[in-house]
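All remarks here apply to the structure that follows.
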Amino acid sequence: MLNTLSILLPIFGLIAAGFISRKTGVLGPTAASELNRYVVWLALPALLFDIMAHSHWQALFLPAFINVYLLGTGIIFLMILVWRLSQGKHLADASVDGVAAAYSNTGYVGFPLLFLVFGASSQVPTTIASIIVVCILFSIAIMLIETGLQAEKALHLRIKSVLSAVFRNPLVVSSIAGVIVAASGLSIPDSVETFLHLLSDSASPCALVSLGLFLASSRSAMPNNSDNEKRVAWVLTFTKLAIQPLLVAALAFWVFDMDRTLAMMAVLLAALPTGTGPFMLAEFYQRDAFITAQTIMFSTVISLLTLTLLLNML
């Protein structure tokens, strides 16, 4: 439990730093959105490009693991999407909530935690999980959000607008550019590498500080239905920390013929708390980010217990 706490504590610290900075007036009311814009337009694209450009695709070809984690992530996303749409939510908001329930914090928690448990052999599966949630899940969510925002247009205009918006999105463009560089075999100059690392290393810390800033601002400005939104956040948290790892465990141990160690890695990755990705999406598209912010906070706090229990079981 102490090892898990040592990995999760910096996350709490960065969220708290943002929260305190806003409450004390060190950072102003627009700091959360401006810092998030920096992450979405600069830091996260640099991280996505760097991941994709340096991915060794032959080493990443683990079909059973890919199938299990992709299915586990996709089913959870679709399940929450349908549930929120049935409650009358806009497609854009339902998509963000779906991401919040399926998006594991592989970067900030997954890599150090799995390295602690499984050693260097965990790096490839964790990279695969990161690509699935950060690139594939993000891209699908962006397409659905853009579809919802363009819903009033004629079908051919809607398709044109959606495709245009998707391929102008910095997160999609950076991922595609990284794949092209990896496929071409081009080497990136050292100065460019340093530039990318400086930017990408700031993505998670800045997103967590932005989350703390948002939580501090939203507490005093929430509408009367905030109790209902908190209940939704609890449902998303339960889905993330309990249903998703159970689903992945069922797929890994009973559906696909997986190596036992890989199966345990998949389950542990699925059990990670929600990362900051859905919050960045909500802020970028100017959707209500309260549910997402609460889900990230709740899942991060509770995962200290759930991850400790899961590690003891594994």
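To be explicit about the labels: the chains of the structure tokens are called A, B, and onward in the order shown, and within each one the residues are counted from 1, while ligands get numbers from 1 in the order they are shown.
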Near stretch 257-266 of chain A, counting only C-alpha atoms, which residues have an atom at most 12 Å away, once you skip same-chain residues fewer than 5 positions from it, shown as a JSON list (two decimals) with N, CA and C atoms, in the first residue's frame?
```json
[["chain", "number", "residue", "atom", "x", "y", "z"],
["A", 62, "LEU", "N", 1.16, -7.76, -29.95],
["A", 62, "LEU", "CA", 0.72, -8.78, -29.01],
["A", 62, "LEU", "C", -0.79, -8.93, -29.22],
["A", 63, "PRO", "N", -1.20, -9.74, -30.20],
["A", 63, "PRO", "CA", -2.61, -9.77, -30.63],
["A", 63, "PRO", "C", -3.61, -10.01, -29.50],
["A", 64, "ALA", "N", -3.33, -11.00, -28.65],
["A", 64, "ALA", "CA", -4.27, -11.32, -27.59],
["A", 64, "ALA", "C", -4.42, -10.15, -26.63],
["A", 65, "PHE", "N", -3.31, -9.54, -26.23],
["A", 65, "PHE", "CA", -3.36, -8.40, -25.32],
["A", 65, "PHE", "C", -4.10, -7.23, -25.95],
["A", 66, "ILE", "N", -3.80, -6.96, -27.23],
["A", 66, "ILE", "CA", -4.47, -5.86, -27.93],
["A", 66, "ILE", "C", -5.97, -6.10, -27.99],
["A", 67, "ASN", "N", -6.37, -7.33, -28.34],
["A", 67, "ASN", "CA", -7.80, -7.64, -28.42],
["A", 67, "ASN", "C", -8.50, -7.47, -27.08],
["A", 68, "VAL", "N", -7.87, -7.98, -26.03],
["A", 68, "VAL", "CA", -8.47, -7.91, -24.69],
["A", 68, "VAL", "C", -8.62, -6.47, -24.23],
["A", 69, "TYR", "N", -7.54, -5.69, -24.34],
["A", 69, "TYR", "CA", -7.60, -4.33, -23.81],
["A", 69, "TYR", "C", -8.46, -3.42, -24.68],
["A", 70, "LEU", "N", -8.40, -3.62, -25.99],
["A", 70, "LEU", "CA", -9.22, -2.82, -26.90],
["A", 70, "LEU", "C", -10.70, -3.11, -26.68],
["A", 71, "LEU", "N", -11.05, -4.38, -26.55],
["A", 71, "LEU", "CA", -12.45, -4.75, -26.31],
["A", 71, "LEU", "C", -12.92, -4.25, -24.94],
["A", 72, "GLY", "N", -12.08, -4.43, -23.92],
["A", 72, "GLY", "CA", -12.44, -3.99, -22.58],
["A", 72, "GLY", "C", -12.67, -2.50, -22.51],
["A", 73, "THR", "N", -11.83, -1.74, -23.21],
["A", 73, "THR", "CA", -11.98, -0.28, -23.24],
["A", 73, "THR", "C", -13.19, 0.12, -24.06],
["A", 104, "SER", "N", -7.87, 4.82, -18.77],
["A", 104, "SER", "CA", -6.95, 4.52, -17.66],
["A", 104, "SER", "C", -5.76, 5.47, -17.66],
["A", 106, "THR", "N", -2.65, 5.43, -17.72],
["A", 106, "THR", "CA", -1.50, 4.56, -17.98],
["A", 106, "THR", "C", -0.18, 5.32, -17.88],
["A", 110, "GLY", "N", 0.27, 4.02, -14.60],
["A", 110, "GLY", "CA", 0.50, 2.70, -15.17],
["A", 110, "GLY", "C", 1.96, 2.32, -15.30],
["A", 111, "PHE", "N", 2.76, 3.18, -15.93],
["A", 111, "PHE", "CA", 4.17, 2.83, -16.15],
["A", 111, "PHE", "C", 4.92, 2.58, -14.84],
["A", 113, "LEU", "N", 3.74, 1.92, -11.79],
["A", 113, "LEU", "CA", 3.15, 0.86, -10.97],
["A", 113, "LEU", "C", 3.46, -0.52, -11.54],
["A", 114, "LEU", "N", 3.28, -0.68, -12.85],
["A", 114, "LEU", "CA", 3.55, -1.99, -13.46],
["A", 114, "LEU", "C", 5.03, -2.32, -13.47],
["A", 115, "PHE", "N", 5.87, -1.30, -13.61],
["A", 115, "PHE", "CA", 7.32, -1.54, -13.53],
["A", 115, "PHE", "C", 7.68, -2.03, -12.13],
["A", 116, "LEU", "N", 7.03, -1.47, -11.11],
["A", 116, "LEU", "CA", 7.26, -1.87, -9.73],
["A", 116, "LEU", "C", 6.87, -3.33, -9.51],
["A", 117, "VAL", "N", 5.78, -3.77, -10.15],
["A", 117, "VAL", "CA", 5.26, -5.12, -9.93],
["A", 117, "VAL", "C", 5.89, -6.15, -10.86],
["A", 118, "PHE", "N", 6.00, -5.82, -12.16],
["A", 118, "PHE", "CA", 6.41, -6.81, -13.16],
["A", 118, "PHE", "C", 7.80, -6.56, -13.73],
["A", 119, "GLY", "N", 8.39, -5.40, -13.48],
["A", 119, "GLY", "CA", 9.71, -5.10, -14.02],
["A", 119, "GLY", "C", 9.64, -4.58, -15.45],
["A", 121, "SER", "N", 9.51, -5.95, -18.27],
["A", 121, "SER", "CA", 8.64, -6.64, -19.22],
["A", 121, "SER", "C", 7.27, -5.97, -19.35],
["A", 122, "SER", "N", 6.95, -5.08, -18.42],
["A", 122, "SER", "CA", 5.64, -4.40, -18.44],
["A", 122, "SER", "C", 5.61, -3.21, -19.38],
["A", 123, "GLN", "N", 6.77, -2.77, -19.88],
["A", 123, "GLN", "CA", 6.82, -1.54, -20.66],
["A", 123, "GLN", "C", 6.05, -1.65, -21.98],
["A", 124, "VAL", "N", 6.19, -2.78, -22.66],
["A", 124, "VAL", "CA", 5.50, -2.94, -23.96],
["A", 124, "VAL", "C", 3.98, -3.00, -23.77],
["A", 125, "PRO", "N", 3.44, -3.85, -22.87],
["A", 125, "PRO", "CA", 1.98, -3.85, -22.68],
["A", 125, "PRO", "C", 1.43, -2.49, -22.23],
["A", 126, "THR", "N", 2.16, -1.79, -21.38],
["A", 126, "THR", "CA", 1.69, -0.48, -20.92],
["A", 126, "THR", "C", 1.70, 0.52, -22.07],
["A", 127, "THR", "N", 2.70, 0.43, -22.95],
["A", 127, "THR", "CA", 2.72, 1.29, -24.14],
["A", 127, "THR", "C", 1.53, 1.00, -25.04],
["A", 128, "ILE", "N", 1.21, -0.29, -25.24],
["A", 128, "ILE", "CA", 0.05, -0.66, -26.05],
["A", 128, "ILE", "C", -1.23, -0.08, -25.45],
["A", 129, "ALA", "N", -1.39, -0.23, -24.13],
["A", 129, "ALA", "CA", -2.58, 0.31, -23.46],
["A", 129, "ALA", "C", -2.65, 1.83, -23.61],
["A", 130, "SER", "N", -1.50, 2.49, -23.55],
["A", 130, "SER", "CA", -1.46, 3.95, -23.70],
["A", 130, "SER", "C", -1.91, 4.36, -25.10],
["A", 244, "GLN", "N", -14.70, -2.37, -15.31],
["A", 244, "GLN", "CA", -13.72, -2.53, -16.39],
["A", 244, "GLN", "C", -12.68, -3.60, -16.08],
["A", 245, "PRO", "N", -12.06, -3.62, -14.91],
["A", 245, "PRO", "CA", -11.09, -4.71, -14.65],
["A", 245, "PRO", "C", -11.75, -6.10, -14.62],
["A", 246, "LEU", "N", -13.00, -6.19, -14.14],
["A", 246, "LEU", "CA", -13.70, -7.49, -14.16],
["A", 246, "LEU", "C", -13.95, -7.94, -15.59],
["A", 247, "LEU", "N", -14.35, -7.00, -16.45],
["A", 247, "LEU", "CA", -14.58, -7.33, -17.86],
["A", 247, "LEU", "C", -13.29, -7.77, -18.53],
["A", 248, "VAL", "N", -12.21, -7.04, -18.30],
["A", 248, "VAL", "CA", -10.92, -7.40, -18.90],
["A", 248, "VAL", "C", -10.44, -8.74, -18.36],
["A", 249, "ALA", "N", -10.67, -9.00, -17.08],
["A", 249, "ALA", "CA", -10.27, -10.29, -16.50],
["A", 249, "ALA", "C", -11.03, -11.44, -17.16],
["A", 250, "ALA", "N", -12.33, -11.25, -17.38],
["A", 250, "ALA", "CA", -13.13, -12.28, -18.05],
["A", 250, "ALA", "C", -12.62, -12.54, -19.46],
["A", 251, "LEU", "N", -12.31, -11.46, -20.18],
["A", 251, "LEU", "CA", -11.79, -11.61, -21.54],
["A", 251, "LEU", "C", -10.41, -12.28, -21.54],
["A", 252, "ALA", "N", -9.57, -11.87, -20.61],
["A", 252, "ALA", "CA", -8.18, -12.35, -20.59],
["A", 252, "ALA", "C", -8.07, -13.80, -20.15],
["A", 271, "ALA", "N", -7.64, -1.51, -14.20],
["A", 271, "ALA", "CA", -8.07, -1.09, -12.87],
["A", 271, "ALA", "C", -7.49, 0.26, -12.45],
["A", 272, "LEU", "N", -6.70, 0.88, -13.31],
["A", 272, "LEU", "CA", -6.10, 2.17, -12.96],
["A", 272, "LEU", "C", -7.17, 3.26, -12.90],
["A", 310, "LEU", "N", -6.20, -5.41, -5.34],
["A", 310, "LEU", "CA", -5.95, -6.17, -6.58],
["A", 310, "LEU", "C", -4.53, -6.72, -6.62],
["A", 311, "LEU", "N", -3.56, -5.91, -6.20],
["A", 311, "LEU", "CA", -2.17, -6.36, -6.21],
["A", 311, "LEU", "C", -1.99, -7.54, -5.26],
["A", 312, "ASN", "N", -2.67, -7.50, -4.11],
["A", 312, "ASN", "CA", -2.58, -8.63, -3.18],
["A", 312, "ASN", "C", -3.21, -9.89, -3.78],
["A", 313, "MET", "N", -4.32, -9.72, -4.52],
["A", 313, "MET", "CA", -4.97, -10.86, -5.17],
["A", 313, "MET", "C", -4.10, -11.45, -6.26],
["A", 314, "LEU", "N", -3.49, -10.56, -7.08],
["A", 314, "LEU", "CA", -2.65, -11.03, -8.17],
["A", 314, "LEU", "C", -1.39, -11.70, -7.65]]
```
- [ ] Name all residues at most 10 Å from A:Ile80 (count only C-alpha atoms; drop same-chain ones fewer than 5 positions away) and give them as JSON, numbers by chain.
- [x] {"A": [75, 85, 86, 94, 95, 96, 97, 98, 99, 100, 101, 102, 235, 236, 239]}
Using only C-alpha atoms, determine which residues lie at most 12 Å from A:Ser204, disregarding the query and same-chain residues fewer than 5 positions distant; provide the list as a PDB file with N, CA and C atoms, in the first residue's frame.
```
ATOM      1  N   PRO A  10       2.045  12.024  -5.766  1.00  0.00           N
ATOM      2  CA  PRO A  10       2.316  13.196  -6.609  1.00  0.00           C
ATOM      3  C   PRO A  10       1.094  13.689  -7.386  1.00  0.00           C
ATOM      4  N   ILE A  11       0.183  12.766  -7.757  1.00  0.00           N
ATOM      5  CA  ILE A  11      -1.034  13.170  -8.451  1.00  0.00           C
ATOM      6  C   ILE A  11      -1.885  14.030  -7.534  1.00  0.00           C
ATOM      7  N   LEU A  14      -0.261  17.537  -7.149  1.00  0.00           N
ATOM      8  CA  LEU A  14      -0.439  18.465  -8.268  1.00  0.00           C
ATOM      9  C   LEU A  14      -1.864  19.008  -8.335  1.00  0.00           C
ATOM     10  N   ILE A  15      -2.857  18.130  -8.080  1.00  0.00           N
ATOM     11  CA  ILE A  15      -4.247  18.598  -8.034  1.00  0.00           C
ATOM     12  C   ILE A  15      -4.415  19.601  -6.897  1.00  0.00           C
ATOM     13  N   LEU A  35      -4.474  26.966 -19.115  1.00  0.00           N
ATOM     14  CA  LEU A  35      -3.477  25.912 -18.911  1.00  0.00           C
ATOM     15  C   LEU A  35      -3.876  24.653 -19.681  1.00  0.00           C
ATOM     16  N   ASN A  36      -5.180  24.383 -19.712  1.00  0.00           N
ATOM     17  CA  ASN A  36      -5.651  23.224 -20.458  1.00  0.00           C
ATOM     18  C   ASN A  36      -5.432  23.408 -21.960  1.00  0.00           C
ATOM     19  N   TYR A  38      -2.977  25.009 -23.287  1.00  0.00           N
ATOM     20  CA  TYR A  38      -1.556  24.725 -23.481  1.00  0.00           C
ATOM     21  C   TYR A  38      -1.314  23.225 -23.606  1.00  0.00           C
ATOM     22  N   VAL A  39      -1.977  22.445 -22.730  1.00  0.00           N
ATOM     23  CA  VAL A  39      -1.800  20.998 -22.758  1.00  0.00           C
ATOM     24  C   VAL A  39      -2.312  20.419 -24.075  1.00  0.00           C
ATOM     25  N   VAL A  40      -3.516  20.841 -24.499  1.00  0.00           N
ATOM     26  CA  VAL A  40      -4.146  20.259 -25.686  1.00  0.00           C
ATOM     27  C   VAL A  40      -3.433  20.660 -26.971  1.00  0.00           C
ATOM     28  N   ALA A  43       1.544  20.509 -25.326  1.00  0.00           N
ATOM     29  CA  ALA A  43       2.185  19.439 -24.556  1.00  0.00           C
ATOM     30  C   ALA A  43       1.692  18.044 -24.963  1.00  0.00           C
ATOM     31  N   LEU A  44       0.374  17.838 -25.011  1.00  0.00           N
ATOM     32  CA  LEU A  44      -0.144  16.516 -25.341  1.00  0.00           C
ATOM     33  C   LEU A  44       0.144  16.117 -26.791  1.00  0.00           C
ATOM     34  N   ALA A  46       2.750  16.898 -28.476  1.00  0.00           N
ATOM     35  CA  ALA A  46       4.164  16.504 -28.464  1.00  0.00           C
ATOM     36  C   ALA A  46       4.327  15.105 -27.881  1.00  0.00           C
ATOM     37  N   LEU A  47       3.566  14.805 -26.827  1.00  0.00           N
ATOM     38  CA  LEU A  47       3.635  13.480 -26.201  1.00  0.00           C
ATOM     39  C   LEU A  47       3.125  12.400 -27.151  1.00  0.00           C
ATOM     40  N   ASN A 105      -5.319   5.827 -16.484  1.00  0.00           N
ATOM     41  CA  ASN A 105      -4.161   6.707 -16.333  1.00  0.00           C
ATOM     42  C   ASN A 105      -2.878   5.895 -16.490  1.00  0.00           C
ATOM     43  N   THR A 106      -2.647   5.432 -17.719  1.00  0.00           N
ATOM     44  CA  THR A 106      -1.497   4.564 -17.984  1.00  0.00           C
ATOM     45  C   THR A 106      -0.176   5.323 -17.877  1.00  0.00           C
ATOM     46  N   GLY A 107      -0.178   6.584 -18.282  1.00  0.00           N
ATOM     47  CA  GLY A 107       1.070   7.338 -18.314  1.00  0.00           C
ATOM     48  C   GLY A 107       1.599   7.684 -16.938  1.00  0.00           C
ATOM     49  N   TYR A 108       0.741   8.247 -16.114  1.00  0.00           N
ATOM     50  CA  TYR A 108       1.206   8.778 -14.832  1.00  0.00           C
ATOM     51  C   TYR A 108       1.214   7.736 -13.714  1.00  0.00           C
ATOM     52  N   VAL A 109       0.344   6.727 -13.843  1.00  0.00           N
ATOM     53  CA  VAL A 109       0.265   5.686 -12.815  1.00  0.00           C
ATOM     54  C   VAL A 109       0.698   4.326 -13.373  1.00  0.00           C
ATOM     55  N   LEU A 199       8.320  19.525 -23.866  1.00  0.00           N
ATOM     56  CA  LEU A 199       6.878  19.764 -23.958  1.00  0.00           C
ATOM     57  C   LEU A 199       6.084  18.592 -23.389  1.00  0.00           C
ATOM     58  N   VAL A 209      -2.693  20.103 -12.556  1.00  0.00           N
ATOM     59  CA  VAL A 209      -2.834  21.424 -11.935  1.00  0.00           C
ATOM     60  C   VAL A 209      -4.093  22.108 -12.459  1.00  0.00           C
ATOM     61  N   SER A 210      -4.341  21.988 -13.769  1.00  0.00           N
ATOM     62  CA  SER A 210      -5.543  22.560 -14.366  1.00  0.00           C
ATOM     63  C   SER A 210      -6.800  21.943 -13.762  1.00  0.00           C
ATOM     64  N   LEU A 211      -6.762  20.636 -13.493  1.00  0.00           N
ATOM     65  CA  LEU A 211      -7.880  19.956 -12.863  1.00  0.00           C
ATOM     66  C   LEU A 211      -8.147  20.527 -11.471  1.00  0.00           C
ATOM     67  N   GLY A 275      -7.546   8.915 -16.107  1.00  0.00           N
ATOM     68  CA  GLY A 275      -6.528   9.926 -16.384  1.00  0.00           C
ATOM     69  C   GLY A 275      -7.161  11.273 -16.709  1.00  0.00           C
ATOM     70  N   THR A 276      -6.328  12.232 -17.037  1.00  0.00           N
ATOM     71  CA  THR A 276      -6.810  13.598 -17.272  1.00  0.00           C
ATOM     72  C   THR A 276      -7.346  13.818 -18.687  1.00  0.00           C
ATOM     73  N   GLY A 277      -7.232  12.804 -19.560  1.00  0.00           N
ATOM     74  CA  GLY A 277      -7.658  12.953 -20.945  1.00  0.00           C
ATOM     75  C   GLY A 277      -9.087  13.446 -21.119  1.00  0.00           C
ATOM     76  N   PHE A 279     -10.993  15.095 -19.105  1.00  0.00           N
ATOM     77  CA  PHE A 279     -11.120  16.485 -18.639  1.00  0.00           C
ATOM     78  C   PHE A 279     -10.606  17.452 -19.701  1.00  0.00           C
ATOM     79  N   MET A 280      -9.489  17.097 -20.343  1.00  0.00           N
ATOM     80  CA  MET A 280      -8.952  17.955 -21.406  1.00  0.00           C
ATOM     81  C   MET A 280      -9.920  18.037 -22.582  1.00  0.00           C
TER      82      MET A 280
END
```
- [ ] Fewer than 3 positions away in the same chain doesn't count, so skip those; otherwise give me all residues within 10 Å of stretch 300-302 of chain A, counting only C-alpha atoms, as JSON, numbers by chain.
- [x] {"A": [5, 8, 9, 11, 12, 105, 109, 237, 238, 241, 272, 273, 274, 275, 294, 295, 296, 297, 305, 306, 307]}
Could those selected residues go to a file with C-alpha atoms, as a PDB file, in the first residue's frame?
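After the write, selection-v3.pdb holds the following:
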```pdb
ATOM      1  CA  LEU A   5       0.626   5.597  -2.203  1.00  0.00           C
ATOM      2  CA  LEU A   8      -0.405   8.216  -6.378  1.00  0.00           C
ATOM      3  CA  LEU A   9       0.756  10.928  -3.938  1.00  0.00           C
ATOM      4  CA  ILE A  11      -1.034  13.170  -8.451  1.00  0.00           C
ATOM      5  CA  PHE A  12      -2.830  14.367  -5.317  1.00  0.00           C
ATOM      6  CA  ASN A 105      -4.161   6.707 -16.333  1.00  0.00           C
ATOM      7  CA  VAL A 109       0.265   5.686 -12.815  1.00  0.00           C
ATOM      8  CA  THR A 237     -15.867   5.761 -10.857  1.00  0.00           C
ATOM      9  CA  PHE A 238     -17.402   2.374  -9.982  1.00  0.00           C
ATOM     10  CA  LEU A 241     -12.412   0.721 -10.901  1.00  0.00           C
ATOM     11  CA  LEU A 272      -6.100   2.171 -12.964  1.00  0.00           C
ATOM     12  CA  PRO A 273      -7.912   5.427 -12.079  1.00  0.00           C
ATOM     13  CA  THR A 274      -9.214   7.768 -14.764  1.00  0.00           C
ATOM     14  CA  GLY A 275      -6.528   9.926 -16.384  1.00  0.00           C
ATOM     15  CA  GLN A 294     -15.084  14.524 -10.015  1.00  0.00           C
ATOM     16  CA  THR A 295     -14.580  11.116 -11.641  1.00  0.00           C
ATOM     17  CA  ILE A 296     -10.837  11.695 -11.940  1.00  0.00           C
ATOM     18  CA  MET A 297     -10.644  12.828  -8.314  1.00  0.00           C
ATOM     19  CA  LEU A 305      -7.526   0.914  -1.840  1.00  0.00           C
ATOM     20  CA  THR A 306      -8.686  -0.982  -4.947  1.00  0.00           C
ATOM     21  CA  LEU A 307      -5.221  -1.238  -6.491  1.00  0.00           C
TER      22      LEU A 307
END
```
Open item on the list: Let's see if you can do this: from backbone DSSP, list all helix (DSSP H, G or I) residues in stretch 140-295 of chain A, as a PyMOL selection string.
Closed with: chain A and resi 140-149+155-166+170-184+190-201+203-218+226-255+260-270+277-284+290-295
